[in-house]
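Peer 1: Dropping in entry-v2.txt, with compact mmCIF, N, CA and C atoms.
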```txt
# COMPACT_ATOMS: atom_id res chain seq x y z
N MET A 115 -22.26 -21.46 47.12
CA MET A 115 -22.25 -20.63 45.92
C MET A 115 -21.22 -21.15 44.91
N THR A 116 -20.03 -21.47 45.38
CA THR A 116 -18.97 -21.93 44.47
C THR A 116 -19.39 -23.20 43.75
N GLN A 117 -19.97 -24.15 44.47
CA GLN A 117 -20.42 -25.40 43.85
C GLN A 117 -21.53 -25.14 42.83
N GLN A 118 -22.42 -24.24 43.15
CA GLN A 118 -23.51 -23.92 42.22
C GLN A 118 -22.97 -23.27 40.94
N LEU A 119 -22.02 -22.38 41.10
CA LEU A 119 -21.44 -21.71 39.93
C LEU A 119 -20.60 -22.68 39.10
N LEU A 120 -19.95 -23.62 39.77
CA LEU A 120 -19.23 -24.65 39.02
C LEU A 120 -20.20 -25.47 38.18
N GLN A 121 -21.34 -25.82 38.75
CA GLN A 121 -22.34 -26.58 38.00
C GLN A 121 -22.89 -25.77 36.83
N LEU A 122 -23.05 -24.48 37.03
CA LEU A 122 -23.49 -23.60 35.95
C LEU A 122 -22.48 -23.63 34.80
N TYR A 123 -21.20 -23.50 35.13
CA TYR A 123 -20.15 -23.56 34.11
C TYR A 123 -20.18 -24.91 33.38
N LYS A 124 -20.25 -25.99 34.15
CA LYS A 124 -20.21 -27.33 33.55
C LYS A 124 -21.42 -27.56 32.64
N MET A 125 -22.59 -27.12 33.05
CA MET A 125 -23.77 -27.28 32.21
C MET A 125 -23.67 -26.42 30.96
N GLY A 126 -23.22 -25.19 31.11
CA GLY A 126 -23.06 -24.31 29.95
C GLY A 126 -22.08 -24.87 28.94
N ARG A 127 -21.05 -25.52 29.42
CA ARG A 127 -20.02 -26.06 28.53
C ARG A 127 -20.50 -27.27 27.74
N THR A 128 -21.62 -27.87 28.15
CA THR A 128 -22.14 -29.00 27.38
C THR A 128 -22.58 -28.57 25.98
N ARG A 129 -22.84 -27.29 25.77
CA ARG A 129 -23.17 -26.81 24.42
C ARG A 129 -22.00 -27.09 23.48
N LEU A 130 -20.81 -27.12 24.03
CA LEU A 130 -19.61 -27.47 23.26
C LEU A 130 -19.35 -28.97 23.30
N SER A 131 -19.25 -29.52 24.48
CA SER A 131 -18.81 -30.92 24.62
C SER A 131 -19.79 -31.92 24.00
N ASN A 132 -21.06 -31.58 23.93
CA ASN A 132 -22.01 -32.49 23.30
C ASN A 132 -21.78 -32.63 21.80
N GLN A 133 -21.02 -31.71 21.23
CA GLN A 133 -20.72 -31.78 19.80
C GLN A 133 -19.49 -32.65 19.50
N PHE A 134 -18.68 -32.94 20.49
CA PHE A 134 -17.43 -33.67 20.25
C PHE A 134 -17.63 -34.98 19.49
N PRO A 135 -18.64 -35.79 19.84
CA PRO A 135 -18.80 -37.05 19.11
C PRO A 135 -19.09 -36.88 17.61
N ASN A 136 -19.59 -35.71 17.23
CA ASN A 136 -19.93 -35.45 15.83
C ASN A 136 -18.80 -34.83 15.03
N ILE A 137 -17.71 -34.46 15.69
CA ILE A 137 -16.60 -33.82 14.99
C ILE A 137 -15.58 -34.87 14.60
N GLN A 138 -15.25 -34.87 13.33
CA GLN A 138 -14.20 -35.74 12.81
C GLN A 138 -12.99 -34.87 12.47
N GLU A 139 -11.84 -35.50 12.40
CA GLU A 139 -10.62 -34.73 12.13
C GLU A 139 -10.73 -33.93 10.84
N LYS A 140 -11.36 -34.48 9.83
CA LYS A 140 -11.51 -33.77 8.55
C LYS A 140 -12.35 -32.49 8.70
N ASP A 141 -13.18 -32.43 9.75
CA ASP A 141 -14.03 -31.26 9.98
C ASP A 141 -13.26 -30.05 10.49
N LEU A 142 -12.08 -30.26 11.05
CA LEU A 142 -11.36 -29.15 11.69
C LEU A 142 -11.00 -28.03 10.72
N VAL A 143 -10.91 -28.31 9.45
CA VAL A 143 -10.57 -27.26 8.47
C VAL A 143 -11.81 -26.57 7.91
N LYS A 144 -12.98 -27.06 8.24
CA LYS A 144 -14.21 -26.48 7.69
C LYS A 144 -14.44 -25.07 8.21
N LYS A 145 -14.98 -24.24 7.30
CA LYS A 145 -15.33 -22.85 7.60
C LYS A 145 -16.68 -22.55 6.96
N LEU A 146 -17.32 -21.49 7.42
CA LEU A 146 -18.54 -21.02 6.77
C LEU A 146 -18.20 -20.11 5.59
N HIS A 147 -17.09 -19.43 5.70
CA HIS A 147 -16.67 -18.47 4.69
C HIS A 147 -15.15 -18.51 4.64
N PRO A 148 -14.55 -18.29 3.50
CA PRO A 148 -13.08 -18.36 3.42
C PRO A 148 -12.34 -17.46 4.40
N LYS A 149 -12.95 -16.35 4.81
CA LYS A 149 -12.28 -15.44 5.75
C LYS A 149 -12.69 -15.67 7.20
N SER A 150 -13.53 -16.67 7.44
CA SER A 150 -13.95 -16.95 8.82
C SER A 150 -13.02 -17.98 9.45
N ASN A 151 -13.24 -18.26 10.71
CA ASN A 151 -12.41 -19.22 11.44
C ASN A 151 -12.91 -20.64 11.25
N SER A 152 -11.98 -21.56 11.26
CA SER A 152 -12.30 -22.98 11.12
C SER A 152 -12.69 -23.57 12.47
N ILE A 153 -13.24 -24.77 12.42
CA ILE A 153 -13.59 -25.48 13.65
C ILE A 153 -12.34 -25.70 14.50
N GLY A 154 -11.24 -26.11 13.89
CA GLY A 154 -10.00 -26.34 14.64
C GLY A 154 -9.53 -25.09 15.36
N PHE A 155 -9.58 -23.95 14.67
CA PHE A 155 -9.18 -22.68 15.26
C PHE A 155 -10.09 -22.34 16.44
N LEU A 156 -11.40 -22.52 16.26
CA LEU A 156 -12.35 -22.19 17.33
C LEU A 156 -12.16 -23.08 18.55
N LEU A 157 -11.89 -24.36 18.32
CA LEU A 157 -11.64 -25.26 19.46
C LEU A 157 -10.42 -24.80 20.24
N ARG A 158 -9.35 -24.47 19.54
CA ARG A 158 -8.14 -24.00 20.23
C ARG A 158 -8.41 -22.68 20.94
N HIS A 159 -9.16 -21.80 20.29
CA HIS A 159 -9.47 -20.49 20.88
C HIS A 159 -10.23 -20.66 22.20
N ILE A 160 -11.20 -21.55 22.22
CA ILE A 160 -11.97 -21.78 23.45
C ILE A 160 -11.04 -22.23 24.57
N SER A 161 -10.15 -23.17 24.28
CA SER A 161 -9.25 -23.66 25.33
C SER A 161 -8.32 -22.55 25.82
N GLU A 162 -7.83 -21.73 24.91
CA GLU A 162 -6.95 -20.63 25.33
C GLU A 162 -7.68 -19.62 26.21
N VAL A 163 -8.90 -19.28 25.84
CA VAL A 163 -9.66 -18.30 26.62
C VAL A 163 -10.02 -18.87 28.00
N GLU A 164 -10.34 -20.15 28.07
CA GLU A 164 -10.60 -20.75 29.38
C GLU A 164 -9.36 -20.67 30.27
N ASN A 165 -8.21 -20.95 29.71
CA ASN A 165 -6.97 -20.84 30.48
C ASN A 165 -6.70 -19.41 30.90
N LEU A 166 -6.94 -18.46 30.00
CA LEU A 166 -6.74 -17.05 30.35
C LEU A 166 -7.69 -16.62 31.47
N PHE A 167 -8.92 -17.10 31.44
CA PHE A 167 -9.85 -16.79 32.52
C PHE A 167 -9.35 -17.34 33.84
N ALA A 168 -8.88 -18.58 33.83
CA ALA A 168 -8.37 -19.17 35.06
C ALA A 168 -7.24 -18.31 35.63
N LYS A 169 -6.42 -17.79 34.75
CA LYS A 169 -5.28 -16.97 35.17
C LYS A 169 -5.70 -15.54 35.54
N ASN A 170 -6.32 -14.83 34.62
CA ASN A 170 -6.56 -13.39 34.77
C ASN A 170 -7.75 -13.04 35.64
N VAL A 171 -8.75 -13.90 35.67
CA VAL A 171 -9.94 -13.61 36.47
C VAL A 171 -9.87 -14.27 37.84
N PHE A 172 -9.44 -15.52 37.86
CA PHE A 172 -9.47 -16.29 39.11
C PHE A 172 -8.12 -16.46 39.78
N GLY A 173 -7.06 -15.96 39.16
CA GLY A 173 -5.77 -15.92 39.82
C GLY A 173 -4.98 -17.21 39.87
N LEU A 174 -5.34 -18.18 39.04
CA LEU A 174 -4.60 -19.44 39.01
C LEU A 174 -3.28 -19.23 38.28
N ASP A 175 -2.22 -19.79 38.83
CA ASP A 175 -0.91 -19.69 38.20
C ASP A 175 -0.83 -20.71 37.06
N VAL A 176 -1.16 -20.26 35.87
CA VAL A 176 -1.17 -21.13 34.71
C VAL A 176 -0.47 -20.41 33.54
N ARG A 177 0.29 -21.17 32.81
CA ARG A 177 0.99 -20.61 31.64
C ARG A 177 0.07 -20.71 30.44
N VAL A 178 -0.07 -19.61 29.72
CA VAL A 178 -0.96 -19.57 28.57
C VAL A 178 -0.18 -19.15 27.34
N LYS A 179 -0.21 -19.99 26.33
CA LYS A 179 0.37 -19.65 25.04
C LYS A 179 -0.79 -19.35 24.11
N ALA A 180 -1.03 -18.08 23.87
CA ALA A 180 -2.19 -17.65 23.08
C ALA A 180 -1.83 -17.56 21.60
N LEU A 181 -2.36 -18.50 20.84
CA LEU A 181 -2.12 -18.53 19.39
C LEU A 181 -3.32 -18.04 18.60
N THR A 182 -4.46 -17.87 19.28
CA THR A 182 -5.69 -17.48 18.58
C THR A 182 -6.26 -16.16 19.09
N ILE A 183 -5.50 -15.46 19.91
CA ILE A 183 -6.00 -14.25 20.55
C ILE A 183 -5.02 -13.11 20.29
N GLY A 184 -5.55 -11.95 19.93
CA GLY A 184 -4.71 -10.79 19.78
C GLY A 184 -4.90 -10.12 18.43
N LYS A 185 -4.43 -8.91 18.38
CA LYS A 185 -4.55 -8.11 17.17
C LYS A 185 -3.76 -8.75 16.03
N GLY A 186 -4.39 -8.84 14.88
CA GLY A 186 -3.72 -9.37 13.71
C GLY A 186 -3.68 -10.89 13.64
N ILE A 187 -4.25 -11.56 14.62
CA ILE A 187 -4.27 -13.02 14.61
C ILE A 187 -5.37 -13.48 13.66
N HIS A 188 -5.05 -14.44 12.84
CA HIS A 188 -6.06 -15.03 11.96
C HIS A 188 -5.84 -16.53 11.84
N ASP A 189 -6.82 -17.20 11.36
CA ASP A 189 -6.78 -18.66 11.22
C ASP A 189 -5.81 -19.02 10.11
N SER A 190 -4.72 -19.68 10.49
CA SER A 190 -3.71 -20.07 9.51
C SER A 190 -3.85 -21.54 9.11
N GLY A 191 -4.86 -22.22 9.61
CA GLY A 191 -5.13 -23.59 9.23
C GLY A 191 -4.25 -24.62 9.91
N LYS A 192 -3.67 -24.28 11.05
CA LYS A 192 -2.74 -25.24 11.68
C LYS A 192 -3.35 -26.10 12.78
N PHE A 193 -4.59 -25.88 13.14
CA PHE A 193 -5.21 -26.66 14.20
C PHE A 193 -6.04 -27.77 13.55
N ILE A 194 -5.37 -28.84 13.14
CA ILE A 194 -5.99 -29.87 12.31
C ILE A 194 -5.94 -31.27 12.92
N HIS A 195 -5.51 -31.36 14.17
CA HIS A 195 -5.40 -32.66 14.81
C HIS A 195 -6.44 -32.75 15.93
N LEU A 196 -7.47 -33.52 15.68
CA LEU A 196 -8.61 -33.58 16.59
C LEU A 196 -8.21 -34.03 17.99
N GLU A 197 -7.42 -35.07 18.08
CA GLU A 197 -7.01 -35.57 19.40
C GLU A 197 -6.30 -34.48 20.21
N GLU A 198 -5.45 -33.73 19.56
CA GLU A 198 -4.72 -32.66 20.24
C GLU A 198 -5.67 -31.56 20.71
N GLU A 199 -6.62 -31.17 19.87
CA GLU A 199 -7.54 -30.10 20.27
C GLU A 199 -8.46 -30.56 21.40
N LEU A 200 -8.92 -31.79 21.34
CA LEU A 200 -9.76 -32.30 22.43
C LEU A 200 -8.97 -32.43 23.73
N LYS A 201 -7.70 -32.78 23.62
CA LYS A 201 -6.83 -32.85 24.80
C LYS A 201 -6.67 -31.45 25.41
N GLU A 202 -6.44 -30.45 24.56
CA GLU A 202 -6.32 -29.06 25.04
C GLU A 202 -7.60 -28.61 25.73
N LEU A 203 -8.75 -28.96 25.15
CA LEU A 203 -10.03 -28.57 25.73
C LEU A 203 -10.29 -29.27 27.06
N SER A 204 -9.90 -30.51 27.15
CA SER A 204 -10.06 -31.24 28.41
C SER A 204 -9.18 -30.61 29.50
N ALA A 205 -7.97 -30.26 29.13
CA ALA A 205 -7.05 -29.64 30.09
C ALA A 205 -7.55 -28.26 30.53
N SER A 206 -8.03 -27.46 29.59
CA SER A 206 -8.50 -26.12 29.95
C SER A 206 -9.76 -26.19 30.80
N GLU A 207 -10.62 -27.18 30.52
CA GLU A 207 -11.81 -27.36 31.35
C GLU A 207 -11.40 -27.69 32.79
N ALA A 208 -10.46 -28.60 32.95
CA ALA A 208 -9.98 -28.98 34.29
C ALA A 208 -9.32 -27.80 34.99
N THR A 209 -8.57 -27.02 34.24
CA THR A 209 -7.90 -25.84 34.80
C THR A 209 -8.91 -24.82 35.29
N LEU A 210 -9.90 -24.53 34.47
CA LEU A 210 -10.90 -23.55 34.87
C LEU A 210 -11.75 -24.07 36.04
N GLU A 211 -12.07 -25.35 36.03
CA GLU A 211 -12.80 -25.92 37.17
C GLU A 211 -11.99 -25.78 38.45
N ARG A 212 -10.70 -26.06 38.37
CA ARG A 212 -9.83 -25.92 39.55
C ARG A 212 -9.81 -24.47 40.03
N ALA A 213 -9.75 -23.53 39.10
CA ALA A 213 -9.73 -22.10 39.46
C ALA A 213 -11.04 -21.70 40.12
N ILE A 214 -12.15 -22.19 39.59
CA ILE A 214 -13.46 -21.88 40.18
C ILE A 214 -13.53 -22.43 41.60
N LEU A 215 -13.07 -23.66 41.79
CA LEU A 215 -13.14 -24.30 43.11
C LEU A 215 -12.22 -23.63 44.13
N MET A 216 -11.23 -22.89 43.69
CA MET A 216 -10.35 -22.16 44.60
C MET A 216 -11.05 -20.94 45.22
N GLN A 217 -12.17 -20.52 44.64
CA GLN A 217 -12.84 -19.31 45.10
C GLN A 217 -13.63 -19.59 46.38
N LYS A 218 -13.48 -18.67 47.31
CA LYS A 218 -14.29 -18.72 48.53
C LYS A 218 -15.62 -18.02 48.23
N GLU A 219 -16.59 -18.27 49.06
CA GLU A 219 -17.91 -17.69 48.84
C GLU A 219 -17.85 -16.17 48.68
N GLU A 220 -17.05 -15.52 49.50
CA GLU A 220 -16.98 -14.05 49.45
C GLU A 220 -16.23 -13.53 48.22
N ASP A 221 -15.47 -14.39 47.56
CA ASP A 221 -14.71 -13.97 46.37
C ASP A 221 -15.61 -13.63 45.19
N TRP A 222 -16.78 -14.22 45.13
CA TRP A 222 -17.64 -14.06 43.95
C TRP A 222 -18.15 -12.64 43.78
N ASP A 223 -18.17 -11.86 44.86
CA ASP A 223 -18.60 -10.46 44.77
C ASP A 223 -17.43 -9.50 44.56
N LYS A 224 -16.21 -10.01 44.61
CA LYS A 224 -15.04 -9.18 44.37
C LYS A 224 -14.95 -8.85 42.89
N THR A 225 -14.36 -7.67 42.59
CA THR A 225 -14.27 -7.26 41.20
C THR A 225 -12.90 -7.57 40.61
N VAL A 226 -12.91 -7.76 39.32
CA VAL A 226 -11.68 -7.92 38.54
C VAL A 226 -11.81 -6.99 37.35
N THR A 227 -10.67 -6.53 36.86
CA THR A 227 -10.65 -5.63 35.72
C THR A 227 -9.80 -6.25 34.62
N THR A 228 -10.37 -6.33 33.44
CA THR A 228 -9.63 -6.81 32.28
C THR A 228 -9.82 -5.84 31.13
N ALA A 229 -8.91 -5.89 30.18
CA ALA A 229 -9.02 -5.04 28.99
C ALA A 229 -10.21 -5.44 28.13
N GLU A 230 -10.57 -6.72 28.16
CA GLU A 230 -11.64 -7.22 27.30
C GLU A 230 -13.03 -6.79 27.74
N PHE A 231 -13.31 -6.81 29.05
CA PHE A 231 -14.68 -6.51 29.48
C PHE A 231 -14.77 -5.60 30.69
N GLY A 232 -13.70 -4.86 31.00
CA GLY A 232 -13.76 -3.87 32.05
C GLY A 232 -13.79 -4.45 33.45
N THR A 233 -14.43 -3.73 34.37
CA THR A 233 -14.50 -4.14 35.77
C THR A 233 -15.84 -4.81 36.04
N VAL A 234 -15.78 -6.04 36.48
CA VAL A 234 -16.97 -6.83 36.79
C VAL A 234 -16.68 -7.68 38.02
N THR A 235 -17.75 -8.23 38.61
CA THR A 235 -17.54 -9.18 39.69
C THR A 235 -17.08 -10.51 39.09
N LYS A 236 -16.53 -11.35 39.94
CA LYS A 236 -16.12 -12.67 39.46
C LYS A 236 -17.32 -13.48 38.98
N THR A 237 -18.47 -13.27 39.60
CA THR A 237 -19.69 -13.94 39.14
C THR A 237 -20.02 -13.50 37.72
N GLU A 238 -19.96 -12.19 37.47
CA GLU A 238 -20.24 -11.69 36.13
C GLU A 238 -19.20 -12.19 35.12
N ALA A 239 -17.96 -12.27 35.55
CA ALA A 239 -16.90 -12.78 34.68
C ALA A 239 -17.17 -14.23 34.30
N LEU A 240 -17.65 -15.01 35.25
CA LEU A 240 -17.97 -16.40 34.95
C LEU A 240 -19.07 -16.47 33.89
N ALA A 241 -20.05 -15.59 33.97
CA ALA A 241 -21.09 -15.55 32.95
C ALA A 241 -20.47 -15.25 31.58
N ARG A 242 -19.46 -14.44 31.57
CA ARG A 242 -18.79 -14.10 30.31
C ARG A 242 -18.14 -15.33 29.67
N ILE A 243 -17.45 -16.15 30.46
CA ILE A 243 -16.79 -17.31 29.87
C ILE A 243 -17.82 -18.35 29.44
N VAL A 244 -18.91 -18.49 30.19
CA VAL A 244 -19.95 -19.43 29.80
C VAL A 244 -20.56 -19.00 28.46
N SER A 245 -20.87 -17.72 28.34
CA SER A 245 -21.47 -17.24 27.09
C SER A 245 -20.46 -17.26 25.94
N HIS A 246 -19.19 -17.02 26.22
CA HIS A 246 -18.15 -17.08 25.20
C HIS A 246 -18.07 -18.48 24.59
N THR A 247 -18.03 -19.48 25.46
CA THR A 247 -17.94 -20.86 24.98
C THR A 247 -19.20 -21.23 24.21
N ALA A 248 -20.37 -20.86 24.72
CA ALA A 248 -21.62 -21.18 24.03
C ALA A 248 -21.70 -20.49 22.67
N TYR A 249 -21.23 -19.27 22.60
CA TYR A 249 -21.23 -18.52 21.34
C TYR A 249 -20.42 -19.27 20.28
N HIS A 250 -19.21 -19.66 20.64
CA HIS A 250 -18.36 -20.37 19.68
C HIS A 250 -18.86 -21.79 19.43
N ALA A 251 -19.49 -22.41 20.42
CA ALA A 251 -20.08 -23.72 20.20
C ALA A 251 -21.18 -23.64 19.14
N GLY A 252 -21.94 -22.56 19.17
CA GLY A 252 -22.96 -22.34 18.14
C GLY A 252 -22.34 -22.19 16.76
N GLN A 253 -21.23 -21.45 16.69
CA GLN A 253 -20.53 -21.32 15.42
C GLN A 253 -20.06 -22.69 14.92
N ILE A 254 -19.51 -23.47 15.82
CA ILE A 254 -19.03 -24.81 15.44
C ILE A 254 -20.18 -25.66 14.92
N GLY A 255 -21.33 -25.59 15.58
CA GLY A 255 -22.49 -26.34 15.12
C GLY A 255 -22.92 -25.94 13.72
N LEU A 256 -22.91 -24.64 13.45
CA LEU A 256 -23.27 -24.16 12.11
C LEU A 256 -22.25 -24.60 11.06
N ILE A 257 -20.98 -24.54 11.43
CA ILE A 257 -19.94 -24.96 10.49
C ILE A 257 -20.07 -26.46 10.21
N LEU A 258 -20.33 -27.26 11.24
CA LEU A 258 -20.51 -28.69 11.03
C LEU A 258 -21.66 -28.96 10.06
N LYS A 259 -22.70 -28.17 10.18
CA LYS A 259 -23.89 -28.39 9.36
C LYS A 259 -23.75 -27.84 7.94
N TYR A 260 -23.16 -26.64 7.82
CA TYR A 260 -23.16 -25.96 6.53
C TYR A 260 -21.77 -25.68 5.95
N GLY A 261 -20.75 -25.90 6.73
CA GLY A 261 -19.40 -25.50 6.31
C GLY A 261 -18.81 -26.38 5.23
N ALA A 262 -17.78 -25.81 4.62
CA ALA A 262 -17.04 -26.54 3.57
C ALA A 262 -15.57 -26.49 3.87
```
Before we go any further, please render this structure as C-alpha cells.

Peer 2:
Amino acid sequence: MTQQLLQLYKMGRTRLSNQFPNIQEKDLVKKLHPKSNSIGFLLRHISEVENLFAKNVFGLDVRVKALTIGKGIHDSGKFIHLEEELKELSASEATLERAILMQKEEDWDKTVTTAEFGTVTKTEALARIVSHTAYHAGQIGLILKYGA
C-alpha cells in the first residue's frame, strides 16, 4: 500500500514538475491579476505545504519556515529566483516522499486532525496534498499562458 500511494503522489506531482522546463526566471513575477499570487509565490507555497504535510500529517521531524501560509499573508514579490524555488521544490518532494515511506501499511487507516481539513485518514490526507499541488499547478499553467 505504501509503495502504491507513493507512486500516486509522484504521478500527481507531475502536473507541476512537467511545467518546470517551460518556466523561466522572468516568469516568476507573472500574475493573472494584480491582486493574485505570482508563479514564484505559488512555487514556494507548494514546497512549504509539502513540508508541512510531512511534519503535521506524517510525523516527520522537519523544520518549516512558512512564508506563504497564514492569515494576512500576501504575495510581496520576493520569490524571484528560479533556481532557489526549484531547489526548495526538489527538497520538499524528497521530504514528503521520505515521510510517506516511513508509513507502515496499518498507518494509512489511522486518523490525523488538522485545522485546515479536520479529521481524516492518512490516505485521505495524501489525496489532499496531491490535489493541492495539482490545483496550484493548474494556476501556474494559466499564468504561464495568460499572465503578465

Peer 1: Can you pull out every residue from chain A that DSSP, working from the backbone, puts in helix (DSSP H, G or I), and format the result as an MDAnalysis selection string?

Peer 2: chainID A and resid 116:131 134:136 139:143 153:170 196:215 219:223 236:260

Peer 1: Which residues, written as a VMD selection string, have at least one atom at most 6 Å from Leu174 of chain A, with only C-alpha atoms counted and residues fewer than 3 positions away on the same chain left out?

Peer 2: chain A and resid 168 to 169 213

Peer 1: Could you tell me how far atom N of Glu211 of chain A lies from atom CA of Phe172 of chain A, in Å and to one decimal?

Peer 2: 9.9 Å

Peer 1: Using the chain letters and numbers from this document, which residues of chain A does DSSP assign to strand (DSSP E or B), as a list in words?

Peer 2: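 The residues of chain A classed as strand (DSSP E or B) are Thr225, Val226, Thr227, Thr228, Gly232, Thr233, Val234 and Thr235 of chain A.
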
Peer 1: Which neighbours of Ile160 of chain A fall inside 8 Å, counting only N, CA and C atoms, when residues of the same chain fewer than 2 positions from it are skipped, and could you give them as a PyMOL selection string?

Peer 2: chain A and resi 154-158+162-166+182+202-203+206-207+246-247+250

Peer 1: Next, dump the selected residues to file, keeping only N, CA and C atoms, as a short mmCIF file (atom, residue, chain, number, x, y, z; two decimals), in the frame of the given file.

Peer 2:
```cif
data_model
loop_
_atom_site.label_atom_id
_atom_site.label_comp_id
_atom_site.auth_asym_id
_atom_site.auth_seq_id
_atom_site.Cartn_x
_atom_site.Cartn_y
_atom_site.Cartn_z
N GLY A 154 -11.24 -26.11 13.89
CA GLY A 154 -10.00 -26.34 14.64
C GLY A 154 -9.53 -25.09 15.36
N PHE A 155 -9.58 -23.95 14.67
CA PHE A 155 -9.18 -22.68 15.26
C PHE A 155 -10.09 -22.34 16.44
N LEU A 156 -11.40 -22.52 16.26
CA LEU A 156 -12.35 -22.19 17.33
C LEU A 156 -12.16 -23.08 18.55
N LEU A 157 -11.89 -24.36 18.32
CA LEU A 157 -11.64 -25.26 19.46
C LEU A 157 -10.42 -24.80 20.24
N ARG A 158 -9.35 -24.47 19.54
CA ARG A 158 -8.14 -24.00 20.23
C ARG A 158 -8.41 -22.68 20.94
N GLU A 162 -7.83 -21.73 24.91
CA GLU A 162 -6.95 -20.63 25.33
C GLU A 162 -7.68 -19.62 26.21
N VAL A 163 -8.90 -19.28 25.84
CA VAL A 163 -9.66 -18.30 26.62
C VAL A 163 -10.02 -18.87 28.00
N GLU A 164 -10.34 -20.15 28.07
CA GLU A 164 -10.60 -20.75 29.38
C GLU A 164 -9.36 -20.67 30.27
N ASN A 165 -8.21 -20.95 29.71
CA ASN A 165 -6.97 -20.84 30.48
C ASN A 165 -6.70 -19.41 30.90
N LEU A 166 -6.94 -18.46 30.00
CA LEU A 166 -6.74 -17.05 30.35
C LEU A 166 -7.69 -16.62 31.47
N THR A 182 -4.46 -17.87 19.28
CA THR A 182 -5.69 -17.48 18.58
C THR A 182 -6.26 -16.16 19.09
N GLU A 202 -6.44 -30.45 24.56
CA GLU A 202 -6.32 -29.06 25.04
C GLU A 202 -7.60 -28.61 25.73
N LEU A 203 -8.75 -28.96 25.15
CA LEU A 203 -10.03 -28.57 25.73
C LEU A 203 -10.29 -29.27 27.06
N SER A 206 -8.03 -27.46 29.59
CA SER A 206 -8.50 -26.12 29.95
C SER A 206 -9.76 -26.19 30.80
N GLU A 207 -10.62 -27.18 30.52
CA GLU A 207 -11.81 -27.36 31.35
C GLU A 207 -11.40 -27.69 32.79
N HIS A 246 -19.19 -17.02 26.22
CA HIS A 246 -18.15 -17.08 25.20
C HIS A 246 -18.07 -18.48 24.59
N THR A 247 -18.03 -19.48 25.46
CA THR A 247 -17.94 -20.86 24.98
C THR A 247 -19.20 -21.23 24.21
N HIS A 250 -19.21 -19.66 20.64
CA HIS A 250 -18.36 -20.37 19.68
C HIS A 250 -18.86 -21.79 19.43
#
```
